[in-house]
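Everything on this sheet refers to the single structure shown next.
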Amino acid sequence: MVAEMKKAQIGVTGLAVMGANLARNFARKGYTVALHNRSVARTDALLAEHGHEGSFVRTESLEELVGALESPRRILVMVKAGDPVDAVIEALVPLLEPGDIVIDGGNSYFQDTRRREAALAEVGLHFVGVGVSELASYLIEITAEVLAQVDARTGAPLIDVIVDAAGQKGTGTWTVQEALTLGSPVTGIAESVFARALSSAEPGMRAQAQRLLPAGVGDTTEDVVGDAGFVEDVRQALYASKLVAYAQGLDMLTLAGAEYGWELDLAAIASLWRQGCIIRAQLLETIMAAYAGGSAPANLLFAPAFTTALEAALPAWRRVVARAVERGIPAPVFSSTLAYYDSLRRPRLNAALTQGLRDYFGAHTYRRVDDESAGAYHTLWSGDRSEVIA
């Protein structure tokens with residue numbers, strides 16, 4: 001039913017797919033929801049189709065939306081990240097009173113969220129950036145559905161008629177940019193972002209590369225589609241890469257917490273991801289357990305459950321990466337997450353040479369493995385090449 005007079009407990013502005021679904025979800029849970037959209041026709045369409053699902057209040061302006069809400073007012077903003085969010089906030093602030101709450105439900109850049117929270121706090125308003133995503137979007141499950149879809153026009157798999165160029169809205173890019181600032185090696189996420197960028201390279205470049213660049217591989221006619229063993233290997237490689245991606249993401253959160261003075265409860269964060277997030281997975285239960293009780297591992301991969309799972313998956317993981325390389329098939333995320341895993345466990349990497357070069361051209365110094373005091377040294381490269389304490 002449509003309620004005309006009752007004060008709403010929450011308002012939603014921005015009624016595209018996600019905003020409309022969240023408004024409906026609030027209503028189905030028993031809350032009265034005030035609806036607003038820049039185009040009133042979209043509000044009316046939602047009410048016509050779903051008005052029976054709960055108690056809604058129709059509004060045609062932000063002024064009406066604010067007036068329809070009980071105090072303290074709670075307004076969920078579901079518009080495109082960036083300038084549109086700022087525009088809505090700028091229009092809302094003069095209409096609100098101290099103690100009211102503005103919630104940004106889009107995938108906004110977290111530095112924008114920090115800026116908005118500080119600005120609204122100055123006028124006594126609360127700002128919350130939550131970044132929500134459609135509840136049933138389990139990525140692995142929908143991957144299976146997309147791959148199984150048959151194109152009605154051609155009878156071919158739909159995946160084969162979709163243009164092979166992926167777009168992105170910025171969340172992955174922001175993550176990688178911030179990771180570089182923090183010095184956090186989120187290689188799995190970075191490679192997925194770069195893969196999208198490469199897929200959308202300048203038109204014609206990939207076609208030209210196919211003509212000009214040799215593969216350097218032997219016979220690749222072997223059919224692996226029906227190879228149950230290989231399919232299981234890919235499943236194991238995917239699982240192992242997911243474990244590493246989670247570990248990298250949580251490590252980045254830990255570094256961000258130290259940088260920005262946040263006291264992050266990683267177990268609680270994992271519990272939030274478990275419900276209503278695009279990365280929702282049973283694996284989050286294991287992550288919650290790893291961080292419960294104040295016994296957080298230095299890296300999620302060090303938790304016994306993860307160490308055991310990776311040990312079991314490693315042979316298959318290595319086989320898949322090796323087979324992809326042999327056949328000239330890019331597998332950037334599988335490869336980079338495996339390299340991260342191996343980099344963690346190796347006693348020596350190539351960083352010693354890197355630091356030696358940095359000392360040579362920029363006198364950046366280095367430490368010695370046989371000096372427990374962790375003192376800094378410099379070699380007089382342009383002189384007699386003797387070593388001095390920096």
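In the structure tokens, chains take the letters A, B, ... in the order shown, each chain's residues start at 1, and ligands count up from 1 in the order shown.
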
- Neighbour list for segment 371-375 of chain A as JSON, numbers by chain, cut-off 8 Å, only C-alpha atoms, skip fewer than 4 positions in-chain: {"A": [367, 389, 390]}

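Proximity to segment 326-334 of chain A at 8 Å, evaluated using only C-alpha atoms and with sequence-adjacent residues fewer than 2 positions away removed, yields Thr187, Gly188, Ile189, Glu191, Ser192, Ala195, Ala215, Gly216, Val217, Gly218, Thr220, Ala237, Leu238, Ser241, Trp317, Val321, Ala322, Arg323, Ala324, Ser336, Thr337 and Leu338 of chain A.
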
- Expected answer as a ChimeraX atom specification: alpha helix (DSSP H) residues in segment 47-144 of chain A: /A:47-50,62-67,83-92,110-121,139-144

- Query: If we count only C-alpha atoms, what is near segment 17-26 of chain A at a cut-off of 8 Å, once residues fewer than 3 positions away on the same chain are taken out, given as a ChimeraX atom specification?
  - Reply: /A:12-14,29-33,35,46,50,53-54,78,133-134

Can you spit out the residues from that selection as a PDB file, in the first residue's frame, using N, CA and C atoms?
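Once written, again.pdb looks like this:
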ATOM      1  N   VAL A  12      15.098   7.016   0.549  1.00  0.00           N
ATOM      2  CA  VAL A  12      16.028   6.582  -0.490  1.00  0.00           C
ATOM      3  C   VAL A  12      15.905   7.535  -1.662  1.00  0.00           C
ATOM      4  N   THR A  13      17.011   8.159  -2.059  1.00  0.00           N
ATOM      5  CA  THR A  13      17.018   8.982  -3.254  1.00  0.00           C
ATOM      6  C   THR A  13      17.949   8.341  -4.279  1.00  0.00           C
ATOM      7  N   GLY A  14      17.410   8.129  -5.474  1.00  0.00           N
ATOM      8  CA  GLY A  14      18.141   7.397  -6.512  1.00  0.00           C
ATOM      9  C   GLY A  14      17.548   6.009  -6.635  1.00  0.00           C
ATOM     10  N   LYS A  29      10.949  -5.471   5.105  1.00  0.00           N
ATOM     11  CA  LYS A  29      11.363  -5.720   6.490  1.00  0.00           C
ATOM     12  C   LYS A  29      10.515  -4.939   7.489  1.00  0.00           C
ATOM     13  N   GLY A  30       9.493  -4.222   7.010  1.00  0.00           N
ATOM     14  CA  GLY A  30       8.568  -3.555   7.914  1.00  0.00           C
ATOM     15  C   GLY A  30       8.812  -2.071   8.112  1.00  0.00           C
ATOM     16  N   TYR A  31       9.773  -1.491   7.410  1.00  0.00           N
ATOM     17  CA  TYR A  31      10.046  -0.062   7.546  1.00  0.00           C
ATOM     18  C   TYR A  31       9.206   0.739   6.546  1.00  0.00           C
ATOM     19  N   THR A  32       8.827   1.931   6.948  1.00  0.00           N
ATOM     20  CA  THR A  32       8.182   2.846   6.018  1.00  0.00           C
ATOM     21  C   THR A  32       9.277   3.611   5.291  1.00  0.00           C
ATOM     22  N   VAL A  33       9.220   3.618   3.961  1.00  0.00           N
ATOM     23  CA  VAL A  33      10.310   4.146   3.138  1.00  0.00           C
ATOM     24  C   VAL A  33       9.807   5.313   2.296  1.00  0.00           C
ATOM     25  N   LEU A  35      10.389   7.644  -0.854  1.00  0.00           N
ATOM     26  CA  LEU A  35      11.037   7.438  -2.148  1.00  0.00           C
ATOM     27  C   LEU A  35      11.243   8.760  -2.871  1.00  0.00           C
ATOM     28  N   LEU A  46       8.075   2.322  -9.773  1.00  0.00           N
ATOM     29  CA  LEU A  46       8.358   1.415  -8.650  1.00  0.00           C
ATOM     30  C   LEU A  46       7.101   1.172  -7.830  1.00  0.00           C
ATOM     31  N   HIS A  50       5.585  -2.434  -7.372  1.00  0.00           N
ATOM     32  CA  HIS A  50       5.969  -3.051  -6.095  1.00  0.00           C
ATOM     33  C   HIS A  50       5.360  -2.366  -4.877  1.00  0.00           C
ATOM     34  N   GLU A  53       4.345  -4.246  -1.689  1.00  0.00           N
ATOM     35  CA  GLU A  53       5.321  -4.986  -0.883  1.00  0.00           C
ATOM     36  C   GLU A  53       5.524  -4.400   0.506  1.00  0.00           C
ATOM     37  N   GLY A  54       5.075  -3.176   0.733  1.00  0.00           N
ATOM     38  CA  GLY A  54       5.267  -2.567   2.042  1.00  0.00           C
ATOM     39  C   GLY A  54       4.731  -1.154   2.066  1.00  0.00           C
ATOM     40  N   MET A  78      21.612   6.831  -3.391  1.00  0.00           N
ATOM     41  CA  MET A  78      21.983   5.771  -4.327  1.00  0.00           C
ATOM     42  C   MET A  78      22.131   6.353  -5.734  1.00  0.00           C
ATOM     43  N   SER A 133      26.201  -3.637  -2.338  1.00  0.00           N
ATOM     44  CA  SER A 133      25.983  -4.318  -3.614  1.00  0.00           C
ATOM     45  C   SER A 133      24.920  -5.385  -3.395  1.00  0.00           C
ATOM     46  N   GLU A 134      23.625  -5.920  -5.119  1.00  0.00           N
ATOM     47  CA  GLU A 134      22.470  -6.771  -5.156  1.00  0.00           C
ATOM     48  C   GLU A 134      22.782  -8.072  -4.498  1.00  0.00           C
TER      49      GLU A 134
END

- Message: Need to verify the contact set: Tyr360 of chain A, 9 Å, only C-alpha atoms, exclusion of same-chain residues closer than 5 positions in sequence. Can you return it as a list in words?
- Response: Gln355, Thr365, His378, Thr379, Leu380, Trp381 and Ser382 of chain A

Dump of C-alpha atoms for the selected residues, as a short mmCIF file (atom, residue, chain, number, x, y, z; two decimals), in the first residue's frame:
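Contents of result_2.cif, as written:
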data_model
loop_
_atom_site.label_atom_id
_atom_site.label_comp_id
_atom_site.auth_asym_id
_atom_site.auth_seq_id
_atom_site.Cartn_x
_atom_site.Cartn_y
_atom_site.Cartn_z
CA GLN A 355 68.70 -2.26 -3.21
CA THR A 365 72.04 2.60 1.46
CA HIS A 378 76.82 2.48 1.67
CA THR A 379 79.45 1.39 -0.82
CA LEU A 380 81.62 4.14 -2.33
CA TRP A 381 80.84 3.07 -5.87
CA SER A 382 82.54 6.02 -7.57
#

- Computed gap from atom CA of Phe110 of chain A to atom CA of Thr181 of chain A is 13.5 Å

- Task: Give the strand (DSSP E) residues of segment 115-224 of chain A, as DSSP finds them on the backbone, and put them as number ranges by chain.
- Result: A: 126-129

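For the pair atom CA of Gly172 of chain A and atom CA of Ser343 of chain A, the interatomic distance is 23.1 Å.
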
- Query: Contacts of Glu97 of chain A at 12 Å or less, counting only C-alpha atoms, minus same-chain residues fewer than 6 places along, as a list of chain:residue names?
  - Reply: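 So the residues in contact are A:Val66, A:Gly67, A:Leu69, A:Glu70, A:Ser71, A:Pro72, A:Arg73, A:Arg74, A:Leu120, A:Ala121, A:Val123, A:Gly124, A:Leu125, A:His126.
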
- Message: I'd like the contact shell of segment 151-168 of chain A - 9 Å cut-off, only C-alpha atoms, skipping same-chain residues fewer than 3 positions apart - returned as a ChimeraX atom specification.
- Response: /A:146-148,171-173,193,195-201

Please produce a file of the residues just selected, as a short mmCIF file (atom, residue, chain, number, x, y, z; two decimals), in the first residue's frame, where the atoms kept are N, CA and C atoms.
data_model
loop_
_atom_site.label_atom_id
_atom_site.label_comp_id
_atom_site.auth_asym_id
_atom_site.auth_seq_id
_atom_site.Cartn_x
_atom_site.Cartn_y
_atom_site.Cartn_z
N VAL A 146 26.45 -17.21 -16.63
CA VAL A 146 26.81 -16.49 -17.86
C VAL A 146 27.46 -17.45 -18.86
N LEU A 147 28.34 -18.29 -18.38
CA LEU A 147 29.02 -19.23 -19.28
C LEU A 147 28.04 -20.23 -19.89
N ALA A 148 26.99 -20.57 -19.16
CA ALA A 148 26.03 -21.55 -19.66
C ALA A 148 24.96 -20.95 -20.57
N THR A 171 36.22 1.26 -9.01
CA THR A 171 36.54 0.73 -7.68
C THR A 171 37.85 -0.05 -7.69
N GLY A 172 38.06 -0.87 -8.73
CA GLY A 172 39.31 -1.60 -8.82
C GLY A 172 40.50 -0.67 -8.98
N THR A 173 40.33 0.35 -9.83
CA THR A 173 41.40 1.33 -10.05
C THR A 173 41.73 2.05 -8.76
N VAL A 193 42.59 -5.58 -12.84
CA VAL A 193 42.35 -4.24 -13.38
C VAL A 193 43.12 -4.03 -14.68
N ALA A 195 44.14 -6.31 -16.71
CA ALA A 195 43.57 -7.17 -17.76
C ALA A 195 42.37 -6.49 -18.42
N ARG A 196 41.54 -5.84 -17.63
CA ARG A 196 40.42 -5.10 -18.20
C ARG A 196 40.92 -3.97 -19.10
N ALA A 197 41.94 -3.25 -18.61
CA ALA A 197 42.48 -2.15 -19.39
C ALA A 197 43.04 -2.64 -20.72
N LEU A 198 43.76 -3.76 -20.69
CA LEU A 198 44.33 -4.31 -21.91
C LEU A 198 43.25 -4.76 -22.88
N SER A 199 42.16 -5.31 -22.34
CA SER A 199 41.08 -5.77 -23.21
C SER A 199 40.44 -4.61 -23.96
N SER A 200 40.49 -3.43 -23.36
CA SER A 200 39.87 -2.26 -23.99
C SER A 200 40.91 -1.32 -24.59
N ALA A 201 42.05 -1.89 -24.99
CA ALA A 201 43.12 -1.09 -25.57
C ALA A 201 42.65 -0.42 -26.85
#

- Query: Which residues come within 12 Å of Arg115 of chain A, counting only C-alpha atoms, excluding same-chain residues fewer than 5 positions away, as a ChimeraX atom specification?
  - Reply: /A:86,108-110,120-122,127-129

With all heavy atoms retained, export the selected residues as a CSV table (one decimal), in the first residue's frame.
chain,number,residue,atom,x,y,z
A,86,ASP,N,28.2,14.4,-4.6
A,86,ASP,CA,28.4,15.7,-4.0
A,86,ASP,C,27.2,16.6,-4.3
A,86,ASP,O,26.9,17.5,-3.4
A,86,ASP,CB,29.7,16.3,-4.5
A,86,ASP,CG,31.0,15.6,-3.9
A,86,ASP,OD1,30.9,15.3,-2.7
A,86,ASP,OD2,31.9,15.4,-4.7
A,108,SER,N,31.8,4.7,-3.7
A,108,SER,CA,32.6,5.9,-3.7
A,108,SER,C,34.0,5.7,-3.3
A,108,SER,O,34.3,4.8,-2.5
A,108,SER,CB,32.0,7.0,-2.8
A,108,SER,OG,30.7,7.4,-3.3
A,109,TYR,N,34.9,6.5,-3.8
A,109,TYR,CA,36.3,6.5,-3.5
A,109,TYR,C,36.4,6.9,-2.0
A,109,TYR,O,35.8,7.8,-1.6
A,109,TYR,CB,37.1,7.5,-4.3
A,109,TYR,CG,38.5,7.5,-4.1
A,109,TYR,CD1,39.3,6.4,-3.8
A,109,TYR,CD2,39.2,8.8,-4.1
A,109,TYR,CE1,40.7,6.5,-3.6
A,109,TYR,CE2,40.6,8.8,-4.0
A,109,TYR,CZ,41.3,7.7,-3.7
A,109,TYR,OH,42.6,7.8,-3.5
A,110,PHE,N,37.1,6.1,-1.2
A,110,PHE,CA,37.1,6.3,0.2
A,110,PHE,C,37.6,7.6,0.7
A,110,PHE,O,37.2,8.2,1.7
A,110,PHE,CB,37.8,5.1,0.9
A,110,PHE,CG,39.3,5.4,1.1
A,110,PHE,CD1,39.9,5.8,2.3
A,110,PHE,CD2,40.2,5.1,0.0
A,110,PHE,CE1,41.2,6.0,2.4
A,110,PHE,CE2,41.5,5.3,0.1
A,110,PHE,CZ,42.1,5.7,1.4
A,120,LEU,N,30.5,17.3,6.6
A,120,LEU,CA,29.2,17.3,7.3
A,120,LEU,C,29.2,17.3,8.8
A,120,LEU,O,28.3,17.8,9.4
A,120,LEU,CB,28.4,16.0,6.8
A,120,LEU,CG,27.5,16.2,5.6
A,120,LEU,CD1,28.3,16.6,4.3
A,120,LEU,CD2,26.6,15.0,5.3
A,121,ALA,N,30.3,16.8,9.3
A,121,ALA,CA,30.5,16.8,10.8
A,121,ALA,C,30.6,18.3,11.3
A,121,ALA,O,30.1,18.6,12.4
A,121,ALA,CB,31.8,16.1,11.2
A,122,GLU,N,31.1,19.2,10.4
A,122,GLU,CA,31.2,20.6,10.8
A,122,GLU,C,29.9,21.2,11.0
A,122,GLU,O,29.8,22.2,11.7
A,122,GLU,CB,32.1,21.3,9.8
A,122,GLU,CG,33.5,20.9,9.7
A,122,GLU,CD,34.3,21.8,8.7
A,122,GLU,OE1,33.7,22.6,8.0
A,122,GLU,OE2,35.5,21.6,8.6
A,127,PHE,N,27.7,11.4,8.4
A,127,PHE,CA,27.8,10.9,7.1
A,127,PHE,C,28.4,9.5,7.2
A,127,PHE,O,29.4,9.3,7.8
A,127,PHE,CB,28.7,11.8,6.2
A,127,PHE,CG,28.8,11.3,4.8
A,127,PHE,CD1,27.8,11.6,3.8
A,127,PHE,CD2,29.9,10.5,4.4
A,127,PHE,CE1,27.9,11.1,2.5
A,127,PHE,CE2,30.0,10.1,3.1
A,127,PHE,CZ,29.0,10.4,2.2
A,128,VAL,N,27.8,8.5,6.4
A,128,VAL,CA,28.3,7.2,6.5
A,128,VAL,C,28.5,6.7,5.0
A,128,VAL,O,27.5,6.8,4.2
A,128,VAL,CB,27.3,6.2,7.2
A,128,VAL,CG1,27.9,4.8,7.3
A,128,VAL,CG2,27.0,6.8,8.6
A,129,GLY,N,29.6,6.2,4.7
A,129,GLY,CA,29.9,5.6,3.4
A,129,GLY,C,29.8,4.1,3.5
A,129,GLY,O,30.6,3.5,4.3

- Message: Between atom CA of Val88 of chain A and atom CA of His52 of chain A, what distance in Å does the model show, to one decimal?
- Response: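 Between atom CA of Val88 of chain A and atom CA of His52 of chain A the gap works out to 28.4 Å.
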